[in-house]
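Enquirer: This is my_file08.cif (mmCIF, C-alpha atoms, pLDDT in the B column; chains and numbers go by the auth columns).
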data_coords
loop_
_atom_site.group_PDB
_atom_site.id
_atom_site.type_symbol
_atom_site.label_atom_id
_atom_site.label_comp_id
_atom_site.label_asym_id
_atom_site.label_seq_id
_atom_site.Cartn_x
_atom_site.Cartn_y
_atom_site.Cartn_z
_atom_site.B_iso_or_equiv
_atom_site.auth_seq_id
_atom_site.auth_asym_id
ATOM 1 C CA GLN A 1 -30.228 6.120 -34.935 68.00 1 A
ATOM 2 C CA ILE A 2 -27.524 8.801 -35.046 67.00 2 A
ATOM 3 C CA ALA A 3 -25.166 6.658 -37.138 71.00 3 A
ATOM 4 C CA GLY A 4 -25.070 7.609 -40.811 71.00 4 A
ATOM 5 C CA HIS A 5 -26.163 11.235 -40.407 72.00 5 A
ATOM 6 C CA GLU A 6 -24.013 14.228 -41.338 75.00 6 A
ATOM 7 C CA ALA A 7 -23.072 17.376 -39.405 72.00 7 A
ATOM 8 C CA GLU A 8 -25.810 20.083 -39.362 75.00 8 A
ATOM 9 C CA GLU A 9 -28.381 17.466 -40.428 76.00 9 A
ATOM 10 C CA GLU A 10 -31.695 17.414 -38.570 78.00 10 A
ATOM 11 C CA PHE A 11 -33.633 14.191 -38.051 72.00 11 A
ATOM 12 C CA ASP A 12 -36.162 12.476 -35.793 76.00 12 A
ATOM 13 C CA GLY A 13 -35.179 9.969 -33.115 73.00 13 A
ATOM 14 C CA ASN A 14 -37.836 7.430 -32.128 74.00 14 A
ATOM 15 C CA VAL A 15 -37.739 6.160 -28.535 72.00 15 A
ATOM 16 C CA THR A 16 -39.922 3.733 -26.561 71.00 16 A
ATOM 17 C CA PHE A 17 -39.465 4.071 -22.760 67.00 17 A
ATOM 18 C CA PRO A 18 -38.703 0.977 -20.734 74.00 18 A
ATOM 19 C CA GLU A 19 -41.284 -0.314 -18.258 63.00 19 A
ATOM 20 C CA ASP A 20 -39.260 0.867 -15.242 62.00 20 A
ATOM 21 C CA TYR A 21 -38.501 4.370 -16.547 57.00 21 A
ATOM 22 C CA ALA A 22 -41.542 6.226 -15.200 58.00 22 A
ATOM 23 C CA GLN A 23 -45.011 4.938 -14.531 62.00 23 A
ATOM 24 C CA GLU A 24 -46.746 7.615 -16.600 65.00 24 A
ATOM 25 C CA LEU A 25 -44.364 7.112 -19.589 68.00 25 A
ATOM 26 C CA ALA A 26 -43.828 3.323 -19.457 70.00 26 A
ATOM 27 C CA GLY A 27 -44.326 1.698 -22.839 72.00 27 A
ATOM 28 C CA LYS A 28 -45.157 4.950 -24.616 77.00 28 A
ATOM 29 C CA GLU A 29 -43.418 6.088 -27.790 79.00 29 A
ATOM 30 C CA ALA A 30 -41.788 9.489 -28.178 78.00 30 A
ATOM 31 C CA VAL A 31 -40.132 11.382 -31.049 80.00 31 A
ATOM 32 C CA PHE A 32 -37.152 13.661 -30.337 81.00 32 A
ATOM 33 C CA LYS A 33 -36.059 16.340 -32.791 82.00 33 A
ATOM 34 C CA CYS A 34 -32.283 15.942 -33.146 81.00 34 A
ATOM 35 C CA LYS A 35 -29.553 17.954 -34.838 83.00 35 A
ATOM 36 C CA ILE A 36 -25.879 17.037 -35.159 83.00 36 A
ATOM 37 C CA HIS A 37 -23.771 20.162 -34.685 85.00 37 A
ATOM 38 C CA GLU A 38 -20.328 18.622 -35.050 85.00 38 A
ATOM 39 C CA ILE A 39 -18.658 15.290 -35.772 82.00 39 A
ATOM 40 C CA LYS A 40 -15.232 14.579 -34.291 83.00 40 A
ATOM 41 C CA SER A 41 -12.881 11.713 -34.986 83.00 41 A
ATOM 42 C CA LYS A 42 -9.609 10.721 -33.372 83.00 42 A
ATOM 43 C CA GLU A 43 -6.612 10.740 -35.692 85.00 43 A
ATOM 44 C CA LEU A 44 -3.689 8.659 -34.465 84.00 44 A
ATOM 45 C CA PRO A 45 -0.217 9.973 -35.299 85.00 45 A
ATOM 46 C CA GLU A 46 2.108 8.124 -37.629 89.00 46 A
ATOM 47 C CA LEU A 47 4.534 5.865 -35.773 89.00 47 A
ATOM 48 C CA ASP A 48 7.746 7.357 -37.116 92.00 48 A
ATOM 49 C CA ASP A 49 10.861 9.157 -35.920 93.00 49 A
ATOM 50 C CA GLU A 50 8.953 12.438 -35.495 92.00 50 A
ATOM 51 C CA PHE A 51 6.507 10.679 -33.177 90.00 51 A
ATOM 52 C CA ALA A 52 9.433 9.312 -31.123 92.00 52 A
ATOM 53 C CA LYS A 53 10.891 12.821 -30.788 92.00 53 A
ATOM 54 C CA ASP A 54 7.543 14.231 -29.663 91.00 54 A
ATOM 55 C CA VAL A 55 6.845 11.682 -26.927 89.00 55 A
ATOM 56 C CA SER A 56 10.332 10.780 -25.672 91.00 56 A
ATOM 57 C CA GLU A 57 13.959 11.827 -25.472 92.00 57 A
ATOM 58 C CA PHE A 58 14.838 9.500 -28.367 93.00 58 A
ATOM 59 C CA ASP A 59 15.505 10.615 -31.933 94.00 59 A
ATOM 60 C CA THR A 60 14.271 7.513 -33.722 94.00 60 A
ATOM 61 C CA LEU A 61 11.326 5.145 -33.451 93.00 61 A
ATOM 62 C CA ASP A 62 13.684 2.158 -33.259 95.00 62 A
ATOM 63 C CA GLU A 63 15.376 3.640 -30.194 95.00 63 A
ATOM 64 C CA LEU A 64 11.986 4.224 -28.552 94.00 64 A
ATOM 65 C CA LYS A 65 10.868 0.648 -29.296 95.00 65 A
ATOM 66 C CA ALA A 66 14.131 -0.725 -27.905 96.00 66 A
ATOM 67 C CA ASP A 67 13.686 1.281 -24.706 95.00 67 A
ATOM 68 C CA ILE A 68 10.069 0.114 -24.265 95.00 68 A
ATOM 69 C CA LYS A 69 11.173 -3.496 -24.769 95.00 69 A
ATOM 70 C CA LYS A 70 13.987 -3.018 -22.249 95.00 70 A
ATOM 71 C CA GLN A 71 11.582 -1.599 -19.643 95.00 71 A
ATOM 72 C CA MET A 72 9.133 -4.472 -20.175 95.00 72 A
ATOM 73 C CA ASN A 73 11.919 -7.042 -19.734 96.00 73 A
ATOM 74 C CA GLU A 74 13.183 -5.292 -16.611 95.00 74 A
ATOM 75 C CA ARG A 75 9.641 -5.209 -15.195 94.00 75 A
ATOM 76 C CA LYS A 76 9.177 -8.924 -15.879 95.00 76 A
ATOM 77 C CA ALA A 77 12.560 -9.707 -14.307 94.00 77 A
ATOM 78 C CA GLU A 78 11.658 -7.658 -11.212 93.00 78 A
ATOM 79 C CA GLU A 79 8.291 -9.416 -10.895 93.00 79 A
ATOM 80 C CA ALA A 80 9.981 -12.825 -11.224 93.00 80 A
ATOM 81 C CA LYS A 81 12.562 -11.811 -8.593 90.00 81 A
ATOM 82 C CA ASN A 82 9.833 -10.676 -6.183 90.00 82 A
ATOM 83 C CA ASP A 83 7.829 -13.885 -6.725 92.00 83 A
ATOM 84 C CA PHE A 84 10.934 -15.995 -6.022 91.00 84 A
ATOM 85 C CA GLU A 85 11.747 -14.010 -2.878 90.00 85 A
ATOM 86 C CA ASN A 86 8.159 -14.328 -1.620 89.00 86 A
ATOM 87 C CA GLN A 87 8.228 -18.107 -2.146 91.00 87 A
ATOM 88 C CA LEU A 88 11.467 -18.395 -0.167 91.00 88 A
ATOM 89 C CA ILE A 89 10.127 -16.227 2.660 90.00 89 A
ATOM 90 C CA GLU A 90 7.013 -18.442 2.753 89.00 90 A
ATOM 91 C CA GLN A 91 9.302 -21.441 3.271 88.00 91 A
ATOM 92 C CA VAL A 92 11.201 -19.634 6.015 88.00 92 A
ATOM 93 C CA ILE A 93 7.904 -18.850 7.761 88.00 93 A
ATOM 94 C CA ASP A 94 6.750 -22.466 7.453 86.00 94 A
ATOM 95 C CA ASN A 95 9.954 -23.624 9.173 84.00 95 A
ATOM 96 C CA MET A 96 9.678 -21.130 12.038 82.00 96 A
ATOM 97 C CA GLU A 97 9.458 -22.558 15.538 83.00 97 A
ATOM 98 C CA CYS A 98 8.336 -19.779 17.849 83.00 98 A
ATOM 99 C CA GLU A 99 5.247 -18.498 19.615 88.00 99 A
ATOM 100 C CA VAL A 100 4.108 -15.131 18.329 89.00 100 A
ATOM 101 C CA PRO A 101 1.930 -13.102 20.737 91.00 101 A
ATOM 102 C CA GLN A 102 -1.524 -12.347 19.339 93.00 102 A
ATOM 103 C CA CYS A 103 -1.030 -8.679 20.211 94.00 103 A
ATOM 104 C CA MET A 104 1.637 -8.431 17.485 94.00 104 A
ATOM 105 C CA PHE A 105 -0.836 -9.666 14.875 94.00 105 A
ATOM 106 C CA ASP A 106 -3.544 -7.345 16.195 95.00 106 A
ATOM 107 C CA LYS A 107 -1.189 -4.367 16.072 94.00 107 A
ATOM 108 C CA ARG A 108 -0.246 -5.113 12.463 94.00 108 A
ATOM 109 C CA VAL A 109 -3.919 -5.483 11.484 95.00 109 A
ATOM 110 C CA ASP A 110 -4.669 -2.070 13.017 95.00 110 A
ATOM 111 C CA GLU A 111 -1.742 -0.548 11.099 94.00 111 A
ATOM 112 C CA MET A 112 -2.967 -2.063 7.831 94.00 112 A
ATOM 113 C CA VAL A 113 -6.513 -0.796 8.436 94.00 113 A
ATOM 114 C CA GLN A 114 -5.182 2.690 9.227 94.00 114 A
ATOM 115 C CA ASP A 115 -3.083 2.653 6.060 93.00 115 A
ATOM 116 C CA TYR A 116 -6.131 1.596 4.017 93.00 116 A
ATOM 117 C CA ALA A 117 -8.220 4.332 5.621 93.00 117 A
ATOM 118 C CA TYR A 118 -5.522 6.897 4.833 93.00 118 A
ATOM 119 C CA ARG A 119 -5.446 5.890 1.163 91.00 119 A
ATOM 120 C CA LEU A 120 -9.248 6.150 1.027 90.00 120 A
ATOM 121 C CA GLN A 121 -9.069 9.580 2.633 91.00 121 A
ATOM 122 C CA MET A 122 -6.622 10.710 -0.057 89.00 122 A
ATOM 123 C CA GLN A 123 -9.396 9.899 -2.533 88.00 123 A
ATOM 124 C CA GLY A 124 -11.930 11.851 -0.494 90.00 124 A
ATOM 125 C CA ILE A 125 -13.666 8.791 0.974 89.00 125 A
ATOM 126 C CA ASP A 126 -14.305 8.188 4.682 91.00 126 A
ATOM 127 C CA LEU A 127 -13.701 4.607 5.900 91.00 127 A
ATOM 128 C CA ASP A 128 -17.078 4.391 7.662 90.00 128 A
ATOM 129 C CA THR A 129 -18.837 5.579 4.504 90.00 129 A
ATOM 130 C CA TYR A 130 -16.868 3.045 2.462 89.00 130 A
ATOM 131 C CA LEU A 131 -17.848 0.203 4.805 90.00 131 A
ATOM 132 C CA LYS A 132 -21.472 1.314 4.748 89.00 132 A
ATOM 133 C CA TYR A 133 -21.375 1.195 0.952 85.00 133 A
ATOM 134 C CA LEU A 134 -19.966 -2.349 1.117 83.00 134 A
ATOM 135 C CA GLY A 135 -22.533 -3.357 3.716 87.00 135 A
ATOM 136 C CA GLN A 136 -19.736 -4.536 6.005 87.00 136 A
ATOM 137 C CA ASP A 137 -19.006 -3.761 9.658 89.00 137 A
ATOM 138 C CA LYS A 138 -15.559 -2.749 10.852 90.00 138 A
ATOM 139 C CA ASP A 139 -14.786 -6.026 12.645 91.00 139 A
ATOM 140 C CA ALA A 140 -15.513 -8.066 9.521 92.00 140 A
ATOM 141 C CA PHE A 141 -13.415 -5.627 7.492 92.00 141 A
ATOM 142 C CA LYS A 142 -10.494 -6.008 9.905 93.00 142 A
ATOM 143 C CA ASP A 143 -10.738 -9.792 9.651 93.00 143 A
ATOM 144 C CA THR A 144 -9.871 -9.586 5.949 93.00 144 A
ATOM 145 C CA PHE A 145 -6.391 -8.389 6.941 94.00 145 A
ATOM 146 C CA ASN A 146 -5.647 -11.255 9.343 94.00 146 A
ATOM 147 C CA ASP A 147 -3.847 -13.581 6.926 93.00 147 A
ATOM 148 C CA GLY A 148 -1.701 -10.813 5.469 93.00 148 A
ATOM 149 C CA ALA A 149 -0.858 -9.463 8.917 94.00 149 A
ATOM 150 C CA GLN A 150 0.220 -12.894 10.189 93.00 150 A
ATOM 151 C CA LYS A 151 2.502 -13.439 7.190 92.00 151 A
ATOM 152 C CA GLN A 152 4.048 -9.985 7.529 92.00 152 A
ATOM 153 C CA VAL A 153 4.681 -10.326 11.267 94.00 153 A
ATOM 154 C CA LYS A 154 6.181 -13.803 10.924 93.00 154 A
ATOM 155 C CA ALA A 155 8.330 -12.719 7.980 93.00 155 A
ATOM 156 C CA SER A 156 9.564 -9.708 9.965 92.00 156 A
ATOM 157 C CA ILE A 157 10.470 -11.890 12.968 93.00 157 A
ATOM 158 C CA ALA A 158 12.241 -14.442 10.764 92.00 158 A
ATOM 159 C CA LEU A 159 14.231 -11.852 8.833 93.00 159 A
ATOM 160 C CA GLU A 160 15.201 -9.955 11.983 93.00 160 A
ATOM 161 C CA ALA A 161 16.429 -13.256 13.440 92.00 161 A
ATOM 162 C CA ILE A 162 18.566 -13.770 10.328 92.00 162 A
ATOM 163 C CA VAL A 163 19.914 -10.216 10.681 94.00 163 A
ATOM 164 C CA ASP A 164 20.990 -10.982 14.255 94.00 164 A
ATOM 165 C CA ALA A 165 22.336 -14.477 13.528 93.00 165 A
ATOM 166 C CA GLU A 166 24.370 -13.401 10.501 94.00 166 A
ATOM 167 C CA LYS A 167 25.326 -10.023 12.028 95.00 167 A
ATOM 168 C CA ILE A 168 23.955 -8.211 8.988 94.00 168 A
ATOM 169 C CA LYS A 169 24.222 -4.421 9.086 93.00 169 A
ATOM 170 C CA ALA A 170 23.607 -1.535 6.739 93.00 170 A
ATOM 171 C CA THR A 171 26.696 0.590 6.170 93.00 171 A
ATOM 172 C CA ALA A 172 26.767 4.381 6.205 91.00 172 A
ATOM 173 C CA LYS A 173 27.200 4.171 2.430 93.00 173 A
ATOM 174 C CA ASP A 174 24.024 2.046 2.161 93.00 174 A
ATOM 175 C CA ILE A 175 22.060 4.611 4.171 92.00 175 A
ATOM 176 C CA ASP A 176 23.399 7.516 2.106 91.00 176 A
ATOM 177 C CA LYS A 177 22.397 5.688 -1.068 93.00 177 A
ATOM 178 C CA GLU A 178 18.875 5.139 0.261 92.00 178 A
ATOM 179 C CA ILE A 179 18.585 8.829 1.199 91.00 179 A
ATOM 180 C CA GLU A 180 19.703 9.694 -2.334 92.00 180 A
ATOM 181 C CA ASN A 181 16.956 7.421 -3.698 91.00 181 A
ATOM 182 C CA MET A 182 14.423 9.203 -1.482 90.00 182 A
ATOM 183 C CA ALA A 183 15.627 12.574 -2.772 90.00 183 A
ATOM 184 C CA ASN A 184 15.146 11.408 -6.357 90.00 184 A
ATOM 185 C CA MET A 185 11.697 10.029 -5.547 87.00 185 A
ATOM 186 C CA TYR A 186 10.480 13.265 -3.959 86.00 186 A
ATOM 187 C CA GLN A 187 12.482 15.461 -6.357 88.00 187 A
ATOM 188 C CA MET A 188 14.307 17.166 -3.521 88.00 188 A
ATOM 189 C CA GLU A 189 17.945 17.935 -2.794 91.00 189 A
ATOM 190 C CA VAL A 190 19.809 15.275 -0.811 88.00 190 A
ATOM 191 C CA ASP A 191 20.889 17.818 1.816 89.00 191 A
ATOM 192 C CA LYS A 192 17.247 18.845 2.357 88.00 192 A
ATOM 193 C CA ILE A 193 16.262 15.213 2.936 87.00 193 A
ATOM 194 C CA LYS A 194 19.124 14.795 5.413 86.00 194 A
ATOM 195 C CA GLU A 195 17.972 17.896 7.306 87.00 195 A
ATOM 196 C CA MET A 196 14.483 16.413 7.609 87.00 196 A
ATOM 197 C CA ILE A 197 15.685 13.004 8.801 86.00 197 A
ATOM 198 C CA GLY A 198 16.540 12.651 12.478 85.00 198 A
ATOM 199 C CA ASP A 199 18.684 10.017 14.157 85.00 199 A
ATOM 200 C CA ALA A 200 15.662 7.787 14.860 87.00 200 A
ATOM 201 C CA GLU A 201 14.543 7.868 11.223 89.00 201 A
ATOM 202 C CA LYS A 202 18.075 7.180 10.014 89.00 202 A
ATOM 203 C CA GLU A 203 18.298 4.236 12.407 91.00 203 A
ATOM 204 C CA GLN A 204 15.019 2.863 11.036 92.00 204 A
ATOM 205 C CA ILE A 205 16.323 3.198 7.480 93.00 205 A
ATOM 206 C CA GLY A 206 19.358 1.162 8.531 93.00 206 A
ATOM 207 C CA LYS A 207 17.136 -1.534 10.050 93.00 207 A
ATOM 208 C CA ASP A 208 14.983 -1.704 6.922 93.00 208 A
ATOM 209 C CA LEU A 209 18.060 -2.022 4.704 94.00 209 A
ATOM 210 C CA ALA A 210 19.451 -4.758 6.954 95.00 210 A
ATOM 211 C CA VAL A 211 16.186 -6.691 6.596 93.00 211 A
ATOM 212 C CA GLN A 212 16.421 -6.369 2.805 93.00 212 A
ATOM 213 C CA LYS A 213 19.985 -7.676 3.026 94.00 213 A
ATOM 214 C CA ALA A 214 18.585 -10.617 4.980 94.00 214 A
ATOM 215 C CA VAL A 215 16.216 -11.312 2.082 92.00 215 A
ATOM 216 C CA ASP A 216 19.205 -11.209 -0.281 92.00 216 A
ATOM 217 C CA PHE A 217 21.002 -13.622 2.070 92.00 217 A
ATOM 218 C CA VAL A 218 18.083 -16.056 1.917 91.00 218 A
ATOM 219 C CA VAL A 219 17.982 -15.870 -1.883 90.00 219 A
ATOM 220 C CA LYS A 220 21.759 -16.317 -2.188 90.00 220 A
ATOM 221 C CA ASN A 221 21.772 -19.350 0.099 86.00 221 A
ATOM 222 C CA ALA A 222 18.643 -21.000 -1.279 80.00 222 A
ATOM 223 C CA VAL A 223 19.208 -24.652 -2.195 67.00 223 A
ATOM 224 C CA GLU A 224 17.241 -26.071 -5.119 59.00 224 A
ATOM 225 C CA VAL A 225 15.669 -29.456 -4.319 50.00 225 A
#
Please render this file's structure as structure tokens.

Expert:
Amino acid sequence: QIAGHEAEEEFDGNVTFPEDYAQELAGKEAVFKCKIHEIKSKELPELDDEFAKDVSEFDTLDELKADIKKQMNERKAEEAKNDFENQLIEQVIDNMECEVPQCMFDKRVDEMVQDYAYRLQMQGIDLDTYLKYLGQDKDAFKDTFNDGAQKQVKASIALEAIVDAEKIKATAKDIDKEIENMANMYQMEVDKIKEMIGDAEKEQIGKDLAVQKAVDFVVKNAVEV
């Protein structure tokens, strides 16, 4: 009933309450005195070179469009690469012949639950409150992570076996490059990051990079059938 009225115009708004609104008002009609104080509308800017300068580091709209297209193509290429890698790792897992202790799966499930709880906490939500809202107990919630945990543990075992078999190692240059990436991510100086990282953390970075190299090895040696 507001549509069509002008700013500063006064008019009546007729309302009939729903049956479930309030027992004493259900089905009754009411008239509200209304007045529009202000009308706002969103005006979109012209898509021109000035717009490109305002929202980016580019001087022309064509340059901005080209950059957006480039980013979209890179994102699609990265998604395709990740999908291909995941499919290959799935095949590696399917061909595994080893017994994995249940405790390794349980440990990974607990880690995934803790990570989920931490992310909820960052949003100001307690895990128990979240589960209560879902109407789900903690054991049932943990069960939802079982499949993912099994895949991750098996993939880790398989890739670590490839690292050992192929004698794959991360070089000091690889580690320095990863620390540089971390510095860029956290917008900190490289030297500050190095001061914060101990020998154990640096060793773990090397192991993680070696595992990624194992993934690259699998991709490089994949045979199309």

Enquirer: As a list of chain:residue names, please: the residues near Phe32 in chain A (cut-off 8 Å, all atoms listed in the file, same-chain neighbours under 4 positions excluded).

Expert: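 Result of the neighbour search: A:Asp12, A:Gly13, A:Asn14, A:Val15.
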
Enquirer: Apply the PyMOL selection byres ((chain A and resi 34-50) around 10) to the structure shown and report the selected residues as a PyMOL selection string.

Expert: chain A and resi 2+5-13+31-33+51-55+58-64

Enquirer: Would you write out those residues with C-alpha atoms, as a PDB file, in the frame of the given file?

Expert:
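Output contents, as saved in out17.pdb:
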ATOM      1  CA  ILE A   2     -27.524   8.801 -35.046  1.00 67.00           C
ATOM      2  CA  HIS A   5     -26.163  11.235 -40.407  1.00 72.00           C
ATOM      3  CA  GLU A   6     -24.013  14.228 -41.338  1.00 75.00           C
ATOM      4  CA  ALA A   7     -23.072  17.376 -39.405  1.00 72.00           C
ATOM      5  CA  GLU A   8     -25.810  20.083 -39.362  1.00 75.00           C
ATOM      6  CA  GLU A   9     -28.381  17.466 -40.428  1.00 76.00           C
ATOM      7  CA  GLU A  10     -31.695  17.414 -38.570  1.00 78.00           C
ATOM      8  CA  PHE A  11     -33.633  14.191 -38.051  1.00 72.00           C
ATOM      9  CA  ASP A  12     -36.162  12.476 -35.793  1.00 76.00           C
ATOM     10  CA  GLY A  13     -35.179   9.969 -33.115  1.00 73.00           C
ATOM     11  CA  VAL A  31     -40.132  11.382 -31.049  1.00 80.00           C
ATOM     12  CA  PHE A  32     -37.152  13.661 -30.337  1.00 81.00           C
ATOM     13  CA  LYS A  33     -36.059  16.340 -32.791  1.00 82.00           C
ATOM     14  CA  PHE A  51       6.507  10.679 -33.177  1.00 90.00           C
ATOM     15  CA  ALA A  52       9.433   9.312 -31.123  1.00 92.00           C
ATOM     16  CA  LYS A  53      10.891  12.821 -30.788  1.00 92.00           C
ATOM     17  CA  ASP A  54       7.543  14.231 -29.663  1.00 91.00           C
ATOM     18  CA  VAL A  55       6.845  11.682 -26.927  1.00 89.00           C
ATOM     19  CA  PHE A  58      14.838   9.500 -28.367  1.00 93.00           C
ATOM     20  CA  ASP A  59      15.505  10.615 -31.933  1.00 94.00           C
ATOM     21  CA  THR A  60      14.271   7.513 -33.722  1.00 94.00           C
ATOM     22  CA  LEU A  61      11.326   5.145 -33.451  1.00 93.00           C
ATOM     23  CA  ASP A  62      13.684   2.158 -33.259  1.00 95.00           C
ATOM     24  CA  GLU A  63      15.376   3.640 -30.194  1.00 95.00           C
ATOM     25  CA  LEU A  64      11.986   4.224 -28.552  1.00 94.00           C
TER      26      LEU A  64
END

Enquirer: Name the residues captured by the PyMOL selection byres ((chain A and resi 167-184) around 7) when it is applied to the shown file; answer as a PyMOL selection string.

Expert: chain A and resi 163-166+185-190+193+205-206+209-210

Enquirer: For the structure shown, which residues end up in the PyMOL selection byres ((chain A and resi 93-97) around 12)? Put them as a short mmCIF file (atom, residue, chain, number, x, y, z; two decimals) with C-alpha atoms, keeping the file's coordinate frame, please?

Expert:
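Result file follows (result_14.cif):
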data_model
loop_
_atom_site.label_atom_id
_atom_site.label_comp_id
_atom_site.auth_asym_id
_atom_site.auth_seq_id
_atom_site.Cartn_x
_atom_site.Cartn_y
_atom_site.Cartn_z
CA ASN A 86 8.16 -14.33 -1.62
CA GLN A 87 8.23 -18.11 -2.15
CA LEU A 88 11.47 -18.40 -0.17
CA ILE A 89 10.13 -16.23 2.66
CA GLU A 90 7.01 -18.44 2.75
CA GLN A 91 9.30 -21.44 3.27
CA VAL A 92 11.20 -19.63 6.02
CA CYS A 98 8.34 -19.78 17.85
CA GLU A 99 5.25 -18.50 19.61
CA VAL A 100 4.11 -15.13 18.33
CA GLN A 150 0.22 -12.89 10.19
CA LYS A 151 2.50 -13.44 7.19
CA GLN A 152 4.05 -9.98 7.53
CA VAL A 153 4.68 -10.33 11.27
CA LYS A 154 6.18 -13.80 10.92
CA ALA A 155 8.33 -12.72 7.98
CA SER A 156 9.56 -9.71 9.96
CA ILE A 157 10.47 -11.89 12.97
CA ALA A 158 12.24 -14.44 10.76
CA LEU A 159 14.23 -11.85 8.83
CA ALA A 161 16.43 -13.26 13.44
CA ILE A 162 18.57 -13.77 10.33
#

Enquirer: Counting all atoms listed in the file, select every polymer residue within 10 Å of (17.7, -15.8, -1.7) as defined in the file's coordinates, and provide the selection as a VMD selection string.

Expert: chain A and resid 81 84 to 89 213 to 223

Enquirer: Between CA of Asp126 in chain A and CA of Glu111 in chain A, what is the spacing in Å?

Expert: 16.6 Å

Enquirer: For a test of reading the model, state the distance in Å between CA of Lys107 in chain A and CA of Lys142 in chain A, rounded to one decimal.

Expert: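 Interatomic distance here is 11.3 Å.
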
Enquirer: Determine the axis-aligned bounding box of all atoms of range 161-171 of chain A present in the file, pad each side by 8 Å, and express its centre and edge lengths in Å to one decimal place as AutoDock Vina command-line options.

Expert:
--center_x 21.6 --center_y -6.9 --center_z 10.2 --size_x 26.3 --size_y 31.1 --size_z 24.1

Enquirer: Report, in Å to a single decimal, how far apart CA of Glu203 in chain A and CA of Arg119 in chain A are.

Expert: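 We find that CA of Arg119 in chain A and CA of Glu203 in chain A lie 26.3 Å from each other.
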